[in-house]
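Okay, protein-v8.pdb is below, PDB, C-alpha atoms:
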MODEL        1
ATOM      1  CA  MET A   1     120.177  89.538  57.730
ATOM      2  CA  ASN A   2     116.725  88.027  57.245
ATOM      3  CA  ASN A   3     116.122  89.651  53.899
ATOM      4  CA  ASP A   4     112.897  87.715  53.381
ATOM      5  CA  ILE A   5     111.118  89.637  56.179
ATOM      6  CA  ILE A   6     112.338  93.080  55.116
ATOM      7  CA  LYS A   7     109.079  94.142  53.505
ATOM      8  CA  PRO A   8     106.981  97.263  54.056
ATOM      9  CA  GLU A   9     104.113  95.234  55.596
ATOM     10  CA  ASN A  10     106.479  93.859  58.273
ATOM     11  CA  LEU A  11     107.829  97.258  59.311
ATOM     12  CA  VAL A  12     107.585  97.753  63.083
ATOM     13  CA  TYR A  13     109.642 100.809  63.730
ATOM     14  CA  THR A  14     111.693 103.317  61.790
ATOM     15  CA  LYS A  15     112.884 106.887  62.121
ATOM     16  CA  THR A  16     110.062 109.354  61.475
ATOM     17  CA  PRO A  17     110.533 111.661  58.482
ATOM     18  CA  VAL A  18     109.890 114.678  60.776
ATOM     19  CA  LEU A  19     113.377 113.984  62.135
ATOM     20  CA  ASN A  20     115.515 114.638  59.058
ATOM     21  CA  ASP A  21     118.667 112.883  57.889
ATOM     22  CA  ASN A  22     121.161 115.488  59.116
ATOM     23  CA  PRO A  23     123.606 113.750  61.449
ATOM     24  CA  MET A  24     122.983 115.080  64.964
ATOM     25  CA  HIS A  25     125.919 116.808  66.634
ATOM     26  CA  TYR A  26     125.110 115.312  70.043
ATOM     27  CA  CYS A  27     127.597 112.993  71.726
ATOM     28  CA  PRO A  28     126.954 109.253  71.338
ATOM     29  CA  GLY A  29     124.190 108.171  73.714
ATOM     30  CA  CYS A  30     122.947 111.687  74.513
ATOM     31  CA  SER A  31     119.358 111.875  75.775
ATOM     32  CA  HIS A  32     118.735 114.885  73.520
ATOM     33  CA  GLY A  33     118.562 112.555  70.524
ATOM     34  CA  VAL A  34     115.843 110.417  72.097
ATOM     35  CA  VAL A  35     113.775 113.443  73.116
ATOM     36  CA  HIS A  36     114.133 115.005  69.636
ATOM     37  CA  LYS A  37     112.912 111.724  68.194
ATOM     38  CA  LEU A  38     109.953 111.581  70.596
ATOM     39  CA  ILE A  39     108.883 115.127  69.723
ATOM     40  CA  ALA A  40     109.184 114.271  66.017
ATOM     41  CA  GLU A  41     107.098 111.113  66.500
ATOM     42  CA  VAL A  42     104.397 112.995  68.425
ATOM     43  CA  ILE A  43     104.259 115.660  65.713
ATOM     44  CA  GLU A  44     103.952 112.999  63.026
ATOM     45  CA  GLU A  45     101.251 111.046  64.882
ATOM     46  CA  MET A  46      99.219 114.180  65.553
ATOM     47  CA  GLY A  47      99.698 115.355  61.945
ATOM     48  CA  ILE A  48     100.736 118.841  63.028
ATOM     49  CA  GLN A  49     104.019 119.248  61.177
ATOM     50  CA  GLU A  50     102.780 122.382  59.402
ATOM     51  CA  LYS A  51     101.274 123.809  62.596
ATOM     52  CA  THR A  52     104.145 123.423  65.066
ATOM     53  CA  ILE A  53     106.627 126.112  66.015
ATOM     54  CA  GLY A  54     109.564 125.220  68.237
ATOM     55  CA  VAL A  55     111.726 127.629  70.180
ATOM     56  CA  ALA A  56     115.317 126.435  70.510
ATOM     57  CA  PRO A  57     117.453 127.389  73.518
ATOM     58  CA  VAL A  58     121.115 128.188  73.987
ATOM     59  CA  GLY A  59     123.060 125.113  74.991
ATOM     60  CA  CYS A  60     123.628 121.783  73.311
ATOM     61  CA  ALA A  61     120.141 121.898  71.785
ATOM     62  CA  VAL A  62     120.787 125.246  70.079
ATOM     63  CA  PHE A  63     120.925 123.435  66.729
ATOM     64  CA  ALA A  64     117.640 121.592  67.283
ATOM     65  CA  TYR A  65     116.296 123.499  64.268
ATOM     66  CA  ASN A  66     118.669 121.535  62.029
ATOM     67  CA  TYR A  67     117.039 118.236  62.878
ATOM     68  CA  LEU A  68     113.266 118.627  63.150
ATOM     69  CA  GLU A  69     111.408 119.559  59.972
ATOM     70  CA  ILE A  70     109.128 122.166  61.550
ATOM     71  CA  ASP A  71     109.251 125.931  61.974
ATOM     72  CA  TRP A  72     111.735 127.148  64.574
ATOM     73  CA  GLU A  73     112.847 130.268  66.356
ATOM     74  CA  GLN A  74     116.096 130.420  68.254
ATOM     75  CA  ALA A  75     115.870 132.466  71.436
ATOM     76  CA  ALA A  76     118.495 134.355  73.403
ATOM     77  CA  HIS A  77     119.842 132.454  76.388
ATOM     78  CA  GLY A  78     116.969 131.596  78.745
ATOM     79  CA  ARG A  79     114.411 133.672  76.848
ATOM     80  CA  ALA A  80     112.657 130.830  75.057
ATOM     81  CA  PRO A  81     109.429 131.054  77.139
ATOM     82  CA  ALA A  82     109.227 134.810  76.468
ATOM     83  CA  LEU A  83     109.662 134.268  72.736
ATOM     84  CA  ALA A  84     107.198 131.355  72.798
ATOM     85  CA  THR A  85     104.690 133.644  74.542
ATOM     86  CA  ALA A  86     104.919 136.089  71.645
ATOM     87  CA  VAL A  87     104.702 133.359  69.020
ATOM     88  CA  LYS A  88     101.666 131.729  70.655
ATOM     89  CA  ARG A  89      99.835 135.034  71.121
ATOM     90  CA  LEU A  90     100.418 135.991  67.496
ATOM     91  CA  TRP A  91      99.611 132.508  66.170
ATOM     92  CA  PRO A  92      97.066 131.036  68.599
ATOM     93  CA  ASP A  93      96.262 128.153  66.229
ATOM     94  CA  ARG A  94      99.851 126.881  66.266
ATOM     95  CA  TYR A  95     101.374 124.319  68.601
ATOM     96  CA  VAL A  96     104.207 126.235  70.252
ATOM     97  CA  PHE A  97     106.838 124.565  72.395
ATOM     98  CA  THR A  98     110.173 125.478  73.903
ATOM     99  CA  TYR A  99     113.010 123.011  74.268
ATOM    100  CA  GLN A 100     115.427 123.984  77.018
ATOM    101  CA  GLY A 101     118.202 122.546  79.137
ATOM    102  CA  ASP A 102     118.781 123.138  82.833
ATOM    103  CA  GLY A 103     121.324 125.905  82.311
ATOM    104  CA  ASP A 104     118.941 127.738  80.003
ATOM    105  CA  LEU A 105     115.675 127.160  81.860
ATOM    106  CA  ALA A 106     116.725 126.967  85.516
ATOM    107  CA  ALA A 107     119.638 129.439  85.613
ATOM    108  CA  ILE A 108     119.619 132.408  83.244
ATOM    109  CA  GLY A 109     115.992 131.854  82.228
ATOM    110  CA  THR A 110     114.457 131.363  85.680
ATOM    111  CA  ALA A 111     112.483 134.600  85.536
ATOM    112  CA  GLU A 112     111.127 133.940  82.039
ATOM    113  CA  THR A 113     110.200 130.375  82.946
ATOM    114  CA  ILE A 114     108.405 131.262  86.158
ATOM    115  CA  HIS A 115     106.548 134.221  84.691
ATOM    116  CA  ALA A 116     105.480 132.390  81.530
ATOM    117  CA  CYS A 117     104.176 129.548  83.716
ATOM    118  CA  ASN A 118     102.535 131.985  86.120
ATOM    119  CA  ARG A 119     100.771 133.789  83.268
ATOM    120  CA  GLY A 120      99.546 130.407  82.116
ATOM    121  CA  GLU A 121     100.742 130.810  78.547
ATOM    122  CA  ASN A 122      99.342 128.047  76.375
ATOM    123  CA  ILE A 123     102.695 126.634  75.415
ATOM    124  CA  THR A 124     104.587 123.422  76.064
ATOM    125  CA  ILE A 125     107.920 123.609  77.837
ATOM    126  CA  ILE A 126     110.247 120.631  77.372
ATOM    127  CA  PHE A 127     112.940 120.773  80.039
ATOM    128  CA  ILE A 128     116.026 118.561  79.710
ATOM    129  CA  ASN A 129     117.567 118.191  83.163
ATOM    130  CA  ASN A 130     120.986 116.550  83.260
ATOM    131  CA  GLY A 131     122.409 118.554  86.140
ATOM    132  CA  ILE A 132     125.327 119.990  84.194
ATOM    133  CA  TYR A 133     126.258 122.522  81.512
ATOM    134  CA  GLY A 134     127.049 120.140  78.677
ATOM    135  CA  MET A 135     127.981 122.454  75.815
ATOM    136  CA  THR A 136     130.399 124.702  77.678
ATOM    137  CA  GLY A 137     132.403 121.877  79.219
ATOM    138  CA  GLY A 138     130.575 120.356  82.164
ATOM    139  CA  GLN A 139     130.262 123.212  84.660
ATOM    140  CA  MET A 140     127.955 123.178  87.676
ATOM    141  CA  ALA A 141     124.307 123.971  86.933
ATOM    142  CA  PRO A 142     121.567 124.986  89.408
ATOM    143  CA  THR A 143     120.238 121.434  89.195
ATOM    144  CA  THR A 144     123.612 119.775  89.921
ATOM    145  CA  LEU A 145     123.163 117.286  92.759
ATOM    146  CA  GLU A 146     124.718 117.706  96.169
ATOM    147  CA  GLY A 147     128.179 116.107  96.091
ATOM    148  CA  MET A 148     128.147 115.733  92.293
ATOM    149  CA  LYS A 149     131.489 116.525  90.658
ATOM    150  CA  THR A 150     131.662 118.983  87.774
ATOM    151  CA  ALA A 151     134.385 121.120  86.187
ATOM    152  CA  THR A 152     133.619 124.040  88.526
ATOM    153  CA  CYS A 153     133.048 121.956  91.675
ATOM    154  CA  PRO A 154     135.713 119.248  91.278
ATOM    155  CA  TYR A 155     135.322 118.073  94.883
ATOM    156  CA  GLY A 156     131.546 117.780  94.568
ATOM    157  CA  ARG A 157     128.818 120.375  95.019
ATOM    158  CA  ASN A 158     129.101 121.805  98.515
ATOM    159  CA  THR A 159     125.779 123.259  99.629
ATOM    160  CA  ALA A 160     127.516 125.629 102.086
ATOM    161  CA  ILE A 161     129.194 127.398  99.152
ATOM    162  CA  ASN A 162     127.098 126.493  96.110
ATOM    163  CA  GLY A 163     123.602 126.272  97.541
ATOM    164  CA  TYR A 164     121.110 123.496  97.014
ATOM    165  CA  PRO A 165     119.964 121.770  93.799
ATOM    166  CA  LEU A 166     117.079 123.734  92.313
ATOM    167  CA  ASN A 167     113.931 121.668  91.864
ATOM    168  CA  ILE A 168     112.319 124.075  89.420
ATOM    169  CA  THR A 169     109.687 121.588  88.258
ATOM    170  CA  LYS A 170     108.288 121.407  91.785
ATOM    171  CA  LEU A 171     108.387 125.189  91.872
ATOM    172  CA  VAL A 172     106.366 125.679  88.678
ATOM    173  CA  ALA A 173     103.875 123.030  89.808
ATOM    174  CA  GLU A 174     102.956 125.402  92.644
ATOM    175  CA  LEU A 175     101.964 128.135  90.206
ATOM    176  CA  GLU A 176      98.316 128.687  89.301
ATOM    177  CA  GLY A 177      99.113 129.089  85.603
ATOM    178  CA  THR A 178     100.423 125.592  84.992
ATOM    179  CA  ARG A 179      98.033 122.866  83.964
ATOM    180  CA  TYR A 180     100.220 119.837  83.501
ATOM    181  CA  VAL A 181     103.608 119.370  85.166
ATOM    182  CA  THR A 182     105.371 116.056  84.854
ATOM    183  CA  ARG A 183     108.809 114.552  85.205
ATOM    184  CA  GLN A 184     109.882 111.732  82.913
ATOM    185  CA  SER A 185     113.056 110.064  81.692
ATOM    186  CA  VAL A 186     114.188 108.172  78.603
ATOM    187  CA  HIS A 187     116.577 105.532  79.941
ATOM    188  CA  THR A 188     114.476 102.408  79.168
ATOM    189  CA  VAL A 189     111.888 101.436  76.579
ATOM    190  CA  ALA A 190     109.055 101.795  79.113
ATOM    191  CA  ALA A 191     110.316 105.216  80.191
ATOM    192  CA  VAL A 192     110.597 106.311  76.550
ATOM    193  CA  GLN A 193     106.971 105.318  75.907
ATOM    194  CA  LYS A 194     105.772 107.172  79.013
ATOM    195  CA  ALA A 195     107.765 110.250  78.095
ATOM    196  CA  LYS A 196     106.227 110.184  74.632
ATOM    197  CA  LYS A 197     102.717 110.036  76.083
ATOM    198  CA  ALA A 198     103.541 112.948  78.375
ATOM    199  CA  ILE A 199     104.846 115.035  75.464
ATOM    200  CA  ARG A 200     101.726 114.234  73.438
ATOM    201  CA  LYS A 201      99.465 115.209  76.322
ATOM    202  CA  ALA A 202     101.375 118.461  76.763
ATOM    203  CA  PHE A 203     101.006 119.274  73.062
ATOM    204  CA  GLU A 204      97.267 118.548  73.183
ATOM    205  CA  ASN A 205      96.861 120.679  76.321
ATOM    206  CA  SER A 206      98.478 123.656  74.641
ATOM    207  CA  MET A 207      95.489 123.920  72.268
ATOM    208  CA  GLU A 208      92.871 123.878  75.023
ATOM    209  CA  GLY A 209      93.753 127.240  76.518
ATOM    210  CA  LYS A 210      93.940 126.095  80.107
ATOM    211  CA  GLY A 211      97.534 126.852  80.963
ATOM    212  CA  THR A 212     101.133 125.896  80.543
ATOM    213  CA  SER A 213     102.321 122.301  80.189
ATOM    214  CA  PHE A 214     105.738 121.554  81.575
ATOM    215  CA  VAL A 215     107.538 118.292  80.818
ATOM    216  CA  GLU A 216     110.841 117.692  82.552
ATOM    217  CA  ILE A 217     112.994 114.887  81.150
ATOM    218  CA  VAL A 218     115.645 113.730  83.615
ATOM    219  CA  SER A 219     118.536 113.071  81.249
ATOM    220  CA  THR A 220     122.135 112.017  81.086
ATOM    221  CA  CYS A 221     125.193 113.910  79.908
ATOM    222  CA  ASN A 222     127.688 111.101  79.542
ATOM    223  CA  SER A 223     130.468 113.409  78.303
ATOM    224  CA  GLY A 224     129.968 115.850  81.163
ATOM    225  CA  TRP A 225     129.538 113.108  83.734
ATOM    226  CA  LYS A 226     132.566 111.291  82.247
ATOM    227  CA  MET A 227     130.877 107.882  82.010
ATOM    228  CA  SER A 228     129.761 105.580  79.225
ATOM    229  CA  PRO A 229     126.161 106.078  78.027
ATOM    230  CA  ALA A 230     124.984 102.833  79.691
ATOM    231  CA  LYS A 231     126.791 103.669  82.948
ATOM    232  CA  SER A 232     125.302 107.179  82.882
ATOM    233  CA  ASN A 233     121.816 105.709  82.775
ATOM    234  CA  GLU A 234     122.597 103.576  85.818
ATOM    235  CA  TRP A 235     124.069 106.552  87.647
ATOM    236  CA  MET A 236     120.990 108.601  86.781
ATOM    237  CA  VAL A 237     118.653 105.960  88.214
ATOM    238  CA  GLU A 238     120.718 105.687  91.407
ATOM    239  CA  ASN A 239     121.327 109.373  92.032
ATOM    240  CA  MET A 240     119.223 111.733  89.925
ATOM    241  CA  PHE A 241     115.918 109.951  90.632
ATOM    242  CA  LYS A 242     116.378 110.480  94.393
ATOM    243  CA  ALA A 243     116.480 114.222  93.974
ATOM    244  CA  TYR A 244     114.138 114.326  90.965
ATOM    245  CA  PRO A 245     111.555 111.525  91.344
ATOM    246  CA  ILE A 246     109.700 110.503  88.187
ATOM    247  CA  GLY A 247     105.962 111.068  87.878
ATOM    248  CA  ASP A 248     103.225 113.648  87.420
ATOM    249  CA  LEU A 249     103.474 116.602  89.788
ATOM    250  CA  LYS A 250     100.293 118.264  88.600
ATOM    251  CA  ASP A 251      97.519 117.379  86.191
ATOM    252  CA  LYS A 252      94.357 119.426  86.299
TER     253      LYS A 252
ATOM    254  CA  MET B   1     110.357  79.034  70.676
ATOM    255  CA  ALA B   2     109.699  82.543  69.712
ATOM    256  CA  LYS B   3     106.501  83.227  67.853
ATOM    257  CA  PHE B   4     107.961  86.117  65.934
ATOM    258  CA  LYS B   5     111.016  86.529  63.821
ATOM    259  CA  GLY B   6     112.523  89.959  63.556
ATOM    260  CA  THR B   7     115.378  91.749  61.945
ATOM    261  CA  VAL B   8     117.142  95.056  62.483
ATOM    262  CA  VAL B   9     118.486  97.186  59.656
ATOM    263  CA  VAL B  10     121.225  99.502  60.903
ATOM    264  CA  ASN B  11     122.012 102.836  59.301
ATOM    265  CA  THR B  12     125.712 102.288  59.875
ATOM    266  CA  GLU B  13     126.724 105.807  58.832
ATOM    267  CA  ARG B  14     124.328 107.394  61.349
ATOM    268  CA  CYS B  15     125.189 105.039  64.236
ATOM    269  CA  LYS B  16     127.485 106.559  66.860
ATOM    270  CA  GLY B  17     128.157 103.320  68.721
ATOM    271  CA  CYS B  18     126.663 104.404  72.048
ATOM    272  CA  GLU B  19     125.624 100.800  72.835
ATOM    273  CA  LEU B  20     122.289 101.811  74.410
ATOM    274  CA  CYS B  21     120.473  99.434  72.033
ATOM    275  CA  VAL B  22     122.762  96.580  73.107
ATOM    276  CA  VAL B  23     121.703  97.197  76.728
ATOM    277  CA  ALA B  24     118.007  97.555  75.822
ATOM    278  CA  CYS B  25     117.737  94.366  73.740
ATOM    279  CA  PRO B  26     115.932  91.669  75.765
ATOM    280  CA  SER B  27     117.243  88.826  73.568
ATOM    281  CA  ASN B  28     120.940  89.809  73.460
ATOM    282  CA  VAL B  29     120.852  90.037  69.701
ATOM    283  CA  LEU B  30     122.980  93.120  69.149
ATOM    284  CA  ALA B  31     126.711  93.660  69.509
ATOM    285  CA  MET B  32     129.250  96.233  68.416
ATOM    286  CA  SER B  33     131.008  95.644  65.124
ATOM    287  CA  ALA B  34     134.797  95.567  64.904
ATOM    288  CA  GLN B  35     134.492  97.754  61.823
ATOM    289  CA  ALA B  36     134.041 101.500  62.061
ATOM    290  CA  ASN B  37     132.057 103.878  59.880
ATOM    291  CA  THR B  38     133.554 106.942  58.166
ATOM    292  CA  LYS B  39     133.280 108.947  61.399
ATOM    293  CA  GLY B  40     135.290 106.321  63.264
ATOM    294  CA  TYR B  41     132.433 104.915  65.333
ATOM    295  CA  ASN B  42     132.055 101.167  65.745
ATOM    296  CA  TYR B  43     128.489 100.563  64.706
ATOM    297  CA  VAL B  44     126.016  98.014  65.995
ATOM    298  CA  TYR B  45     125.210  94.778  64.164
ATOM    299  CA  MET B  46     123.094  91.656  64.717
ATOM    300  CA  GLN B  47     125.268  89.037  66.362
ATOM    301  CA  ASN B  48     122.542  86.502  67.209
ATOM    302  CA  GLU B  49     120.183  87.139  64.353
ATOM    303  CA  SER B  50     118.035  84.080  64.988
ATOM    304  CA  ASP B  51     117.077  85.327  68.506
ATOM    305  CA  CYS B  52     115.553  88.607  67.293
ATOM    306  CA  ILE B  53     111.810  88.856  68.000
ATOM    307  CA  GLY B  54     111.361  92.267  66.393
ATOM    308  CA  CYS B  55     110.244  93.982  69.615
ATOM    309  CA  ALA B  56     111.809  97.312  68.529
ATOM    310  CA  ALA B  57     113.224  98.021  72.000
ATOM    311  CA  CYS B  58     116.547  98.895  70.354
ATOM    312  CA  GLY B  59     114.922 101.313  67.930
ATOM    313  CA  ARG B  60     112.983 103.138  70.615
ATOM    314  CA  VAL B  61     115.992 103.846  72.836
ATOM    315  CA  CYS B  62     118.312 104.758  69.946
ATOM    316  CA  PRO B  63     119.172 108.456  70.294
ATOM    317  CA  ASP B  64     119.941 108.846  66.617
ATOM    318  CA  GLY B  65     117.129 106.904  64.955
ATOM    319  CA  CYS B  66     119.540 104.548  63.171
ATOM    320  CA  LEU B  67     117.537 101.369  63.513
ATOM    321  CA  THR B  68     114.668 100.081  61.372
ATOM    322  CA  ILE B  69     112.917  96.986  62.691
ATOM    323  CA  TYR B  70     110.876  94.424  60.776
ATOM    324  CA  ARG B  71     108.863  91.585  62.262
ATOM    325  CA  ALA B  72     107.021  88.613  60.756
ATOM    326  CA  LYS B  73     104.946  85.837  62.340
ATOM    327  CA  LEU B  74     106.444  82.400  62.192
TER     328      LEU B  74
ENDMDL
END
Starting from the file, lay out its structure as C-alpha cells.
Amino acid sequence: MNNDIIKPENLVYTKTPVLNDNPMHYCPGCSHGVVHKLIAEVIEEMGIQEKTIGVAPVGCAVFAYNYLEIDWEQAAHGRAPALATAVKRLWPDRYVFTYQGDGDLAAIGTAETIHACNRGENITIIFINNGIYGMTGGQMAPTTLEGMKTATCPYGRNTAINGYPLNITKLVAELEGTRYVTRQSVHTVAAVQKAKKAIRKAFENSMEGKGTSFVEIVSTCNSGWKMSPAKSNEWMVENMFKAYPIGDLKDK
Amino acid sequence: MAKFKGTVVVNTERCKGCELCVVACPSNVLAMSAQANTKGYNYVYMQNESDCIGCAACGRVCPDGCLTIYRAKL
C-alpha cells in the first residue's frame, strides 16, 4: 500500500455518504448496487438529499430504503408510479423517483406505469431490467428473452406458449406524457458514467414540469442467470443488448 | 512510464468478492485475496501495486462502494 499518497488532497473516488454503511443484501456483483450508488452520487452532486423522496418497489430492491439516506416510501407491488404521483402532487418541490425492477414495473405494475407516463407525471422512473424475477428464485418475467432459460421456462422461453419479450421502454416512449426515455447499462466504466448522466438529467427534468423521465438500466442477475458476475456482463452484451439496444429513445 | 501513481484502499468487510473491479482494471492491478472476510467472501487486494494509475475504474464499477482511490502525480 502506497501510504504516502493516501491523503485527502489525492482522493479521486470514494463511496458517497448518501449511500450509508449498511451492508447491502444484494448478491455479489448485482447491478442494483451500482445503480443505488449512481443515484446516491447524483443526489450528492445536486445537493438535494433533503429534497428527494424515493419510492421503493417489491422485489430485490424492496430494501432500497435501508441504503440511501433520503426519504422513502415503499409501495405495494407495481404501484410505485401511483404512489409517486401522489407524493409529487402533494410535494411539488421535491425530487420524486421510483426504483423498480422488471417484474414490478413491466408485469404487475404495467397499468400504473403506462398511466403515470401517459399523464406526464413529473417524476423519474428508474427501471432495472434483468429479464428475470430475482428475489423469488429466477422465474420468467415479461422481459425474459426468447429462448432464455429460467426456473419456470427451463427449456427456454417459447413465444408460442409464453408470448414475446415486452419492450416496455419503447412502449412508454410512444406516449405523449413522457419527456425523456433512455436505456442505459452499468457493465463498464463508460456505461456507468453515461448511466449517471442519464439519471441526473432525469432528476433535473422532473423539476421542469414537462413530463415523465424514464431511465431503463439493462442489468444482470448473476444468481438468477446462474453465471459469474463477469460472465453475466458478457452474456448481457451478447444477448440482452440485441433485444434492448442502449441509447436514448426520446428526448424532447 | 505512467505519469500518475495510484492506490486503492479496500473496505474488506464490505467487499463481496464479485471480481467486477478485477475485470474493469486497465492495468491488471487487482486480484482476489486468498483470505476471506467475516462473511466468507474472498476480498480484492492490490497484487501489482506499482502499476496502479489511480484511474478509479474499479471504484466506479464496484456495486458495493468498497473501494477508495487516491492518485498523485509523479
Interface, chain A side, toward chain B (10 Å; only C-alpha atoms) as a PyMOL selection string: chain A and resi 1-16+19-38+186-193+228-231+233
Contacts of Gly163 of chain A at 9 Å (all atoms listed in the file; same-chain gap of 5+ positions) as a PyMOL selection string: chain A and resi 142+146+157-158
What do you get, as an mmCIF file with C-alpha atoms, in the coordinates of the input, if you spell out every residue that the PyMOL selection byres ((chain A and resi 122) around 6) selects here?
data_model
loop_
_atom_site.group_PDB
_atom_site.id
_atom_site.type_symbol
_atom_site.label_atom_id
_atom_site.label_comp_id
_atom_site.auth_asym_id
_atom_site.auth_seq_id
_atom_site.Cartn_x
_atom_site.Cartn_y
_atom_site.Cartn_z
ATOM 1 C CA GLU A 121 100.742 130.810 78.547
ATOM 2 C CA ILE A 123 102.695 126.634 75.415
ATOM 3 C CA SER A 206 98.478 123.656 74.641
ATOM 4 C CA GLY A 209 93.753 127.240 76.518
ATOM 5 C CA GLY A 211 97.534 126.852 80.963
ATOM 6 C CA THR A 212 101.133 125.896 80.543
#
Shell of 10 Å around Asn48 of chain B, all atoms listed in the file, local chain residues under 6 positions omitted, as a ChimeraX atom specification: /B:27-31
Closest of A:Asn167, A:Asn130, A:Gly177, A:Gln139 to His115 of chain A - atom-to-atom distances counting all atoms listed in the file: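 With all atoms listed in the file as the atom set, the closest residue is A:Gly177.
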The PyMOL selection byres ((chain A and resi 79) around 9) resolved against shown file, as JSON, numbers by chain: {"A": [57, 75, 76, 77, 78, 80, 81, 82, 83, 84, 104, 105, 108, 109, 111, 112, 113]}
Evaluate the PyMOL selection byres ((chain A and resi 240) around 10) on the structure here and hand back the selected residues as a PDB file with C-alpha atoms, keeping the file's coordinate frame.
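Written output follows (selection-v1.pdb):
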ATOM      1  CA  ASN A 129     117.567 118.191  83.163  1.00  0.00           C
ATOM      2  CA  ASN A 130     120.986 116.550  83.260  1.00  0.00           C
ATOM      3  CA  GLY A 131     122.409 118.554  86.140  1.00  0.00           C
ATOM      4  CA  THR A 143     120.238 121.434  89.195  1.00  0.00           C
ATOM      5  CA  THR A 144     123.612 119.775  89.921  1.00  0.00           C
ATOM      6  CA  LEU A 145     123.163 117.286  92.759  1.00  0.00           C
ATOM      7  CA  VAL A 218     115.645 113.730  83.615  1.00  0.00           C
ATOM      8  CA  SER A 219     118.536 113.071  81.249  1.00  0.00           C
ATOM      9  CA  THR A 220     122.135 112.017  81.086  1.00  0.00           C
ATOM     10  CA  ASN A 233     121.816 105.709  82.775  1.00  0.00           C
ATOM     11  CA  GLU A 234     122.597 103.576  85.818  1.00  0.00           C
ATOM     12  CA  TRP A 235     124.069 106.552  87.647  1.00  0.00           C
ATOM     13  CA  MET A 236     120.990 108.601  86.781  1.00  0.00           C
ATOM     14  CA  VAL A 237     118.653 105.960  88.214  1.00  0.00           C
ATOM     15  CA  GLU A 238     120.718 105.687  91.407  1.00  0.00           C
ATOM     16  CA  ASN A 239     121.327 109.373  92.032  1.00  0.00           C
ATOM     17  CA  PHE A 241     115.918 109.951  90.632  1.00  0.00           C
ATOM     18  CA  LYS A 242     116.378 110.480  94.393  1.00  0.00           C
ATOM     19  CA  ALA A 243     116.480 114.222  93.974  1.00  0.00           C
ATOM     20  CA  TYR A 244     114.138 114.326  90.965  1.00  0.00           C
ATOM     21  CA  PRO A 245     111.555 111.525  91.344  1.00  0.00           C
ATOM     22  CA  ILE A 246     109.700 110.503  88.187  1.00  0.00           C
TER      23      ILE A 246
END
Draw an axis-aligned box over all listed atoms of segment 170-178 of chain A, pad each side with 3 Å, and write its centre and edge lengths in Å, one decimal, as lines of an AutoDock Vina configuration file.
center_x = 103.4
center_y = 125.2
center_z = 88.8
size_x = 16.1
size_y = 13.7
size_z = 13.7
Shell around Ala173 of chain A at 7 Å using only C-alpha atoms, local window under 5 positions removed, as a list in words: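 Close residues of Ala173 of chain A: Thr178, Val181, Leu249 and Lys250 of chain A.
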Atom-to-atom span, atom CA of Ala106 of chain A and atom CA of Ala141 of chain A, Å: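 Atom-to-atom, atom CA of Ala106 of chain A and atom CA of Ala141 of chain A are spaced 8.3 Å apart.
The list of residues within 12 Å of (91.6, 128.1, 63.9), counted using all atoms listed in the file, is Lys51, Trp91, Pro92, Asp93, Arg94, Tyr95, Met207 and Glu208 of chain A.
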Nearest-residue call for Gly47 of chain A, choices A:Phe203, A:Lys194, A:Lys170, A:Thr182, using only C-alpha atoms: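 Ranked by minimum distance to Gly47 of chain A, first place goes to A:Phe203.
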Spatial sel., origin (128.2, 100.2, 67.1), limit 6 Å, only C-alpha atoms, listed as a ChimeraX atom specification: /B:17,32-33,42-44
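Every protein, DNA or RNA residue with an atom at most 7 Å from segment 52-54 of chain A, where only C-alpha atoms count and chain neighbours fewer than 2 positions away do not, is listed here: A:Ile48, A:Gln49, A:Glu50, A:Ala56, A:Ile70, A:Asp71, A:Trp72, A:Glu73, A:Arg94, A:Tyr95, A:Val96, A:Phe97, A:Thr98.
Going from atom CA of Gln100 of chain A over to atom CA of Ile168 of chain A, you cover 12.8 Å.
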Atom pair atom CA of Glu176 of chain A / atom CA of Gln74 of chain A: separation (Å): 27.6 Å
Could you complete segment 20-30 of chain B so that it carries N, CA and C atoms, and give it back as a PDB file, keeping the file's coordinate frame?
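The result, written out as rebuild-v3.pdb:
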ATOM      1  N   LEU B  20     123.524 101.826  73.623  1.00  0.00           N
ATOM      2  CA  LEU B  20     122.289 101.811  74.410  1.00  0.00           C
ATOM      3  C   LEU B  20     121.330 100.732  73.905  1.00  0.00           C
ATOM      4  N   CYS B  21     121.347 100.473  72.587  1.00  0.00           N
ATOM      5  CA  CYS B  21     120.473  99.434  72.033  1.00  0.00           C
ATOM      6  C   CYS B  21     120.915  98.055  72.503  1.00  0.00           C
ATOM      7  N   VAL B  22     122.236  97.871  72.643  1.00  0.00           N
ATOM      8  CA  VAL B  22     122.762  96.580  73.107  1.00  0.00           C
ATOM      9  C   VAL B  22     122.239  96.291  74.517  1.00  0.00           C
ATOM     10  N   VAL B  23     122.201  97.344  75.359  1.00  0.00           N
ATOM     11  CA  VAL B  23     121.703  97.197  76.728  1.00  0.00           C
ATOM     12  C   VAL B  23     120.190  96.955  76.720  1.00  0.00           C
ATOM     13  N   ALA B  24     119.471  97.628  75.817  1.00  0.00           N
ATOM     14  CA  ALA B  24     118.007  97.555  75.822  1.00  0.00           C
ATOM     15  C   ALA B  24     117.475  96.243  75.259  1.00  0.00           C
ATOM     16  N   CYS B  25     118.235  95.572  74.424  1.00  0.00           N
ATOM     17  CA  CYS B  25     117.737  94.366  73.740  1.00  0.00           C
ATOM     18  C   CYS B  25     117.471  93.250  74.746  1.00  0.00           C
ATOM     19  N   PRO B  26     116.236  92.728  74.805  1.00  0.00           N
ATOM     20  CA  PRO B  26     115.932  91.669  75.765  1.00  0.00           C
ATOM     21  C   PRO B  26     116.456  90.299  75.333  1.00  0.00           C
ATOM     22  N   SER B  27     116.825  90.144  74.070  1.00  0.00           N
ATOM     23  CA  SER B  27     117.243  88.826  73.568  1.00  0.00           C
ATOM     24  C   SER B  27     118.742  88.749  73.296  1.00  0.00           C
ATOM     25  N   ASN B  28     119.483  89.779  73.689  1.00  0.00           N
ATOM     26  CA  ASN B  28     120.940  89.809  73.460  1.00  0.00           C
ATOM     27  C   ASN B  28     121.310  89.535  72.008  1.00  0.00           C
ATOM     28  N   VAL B  29     120.617  90.250  71.129  1.00  0.00           N
ATOM     29  CA  VAL B  29     120.852  90.037  69.701  1.00  0.00           C
ATOM     30  C   VAL B  29     121.998  90.916  69.204  1.00  0.00           C
ATOM     31  N   LEU B  30     122.082  92.122  69.744  1.00  0.00           N
ATOM     32  CA  LEU B  30     122.980  93.120  69.149  1.00  0.00           C
ATOM     33  C   LEU B  30     124.363  93.115  69.799  1.00  0.00           C
TER      34      LEU B  30
END
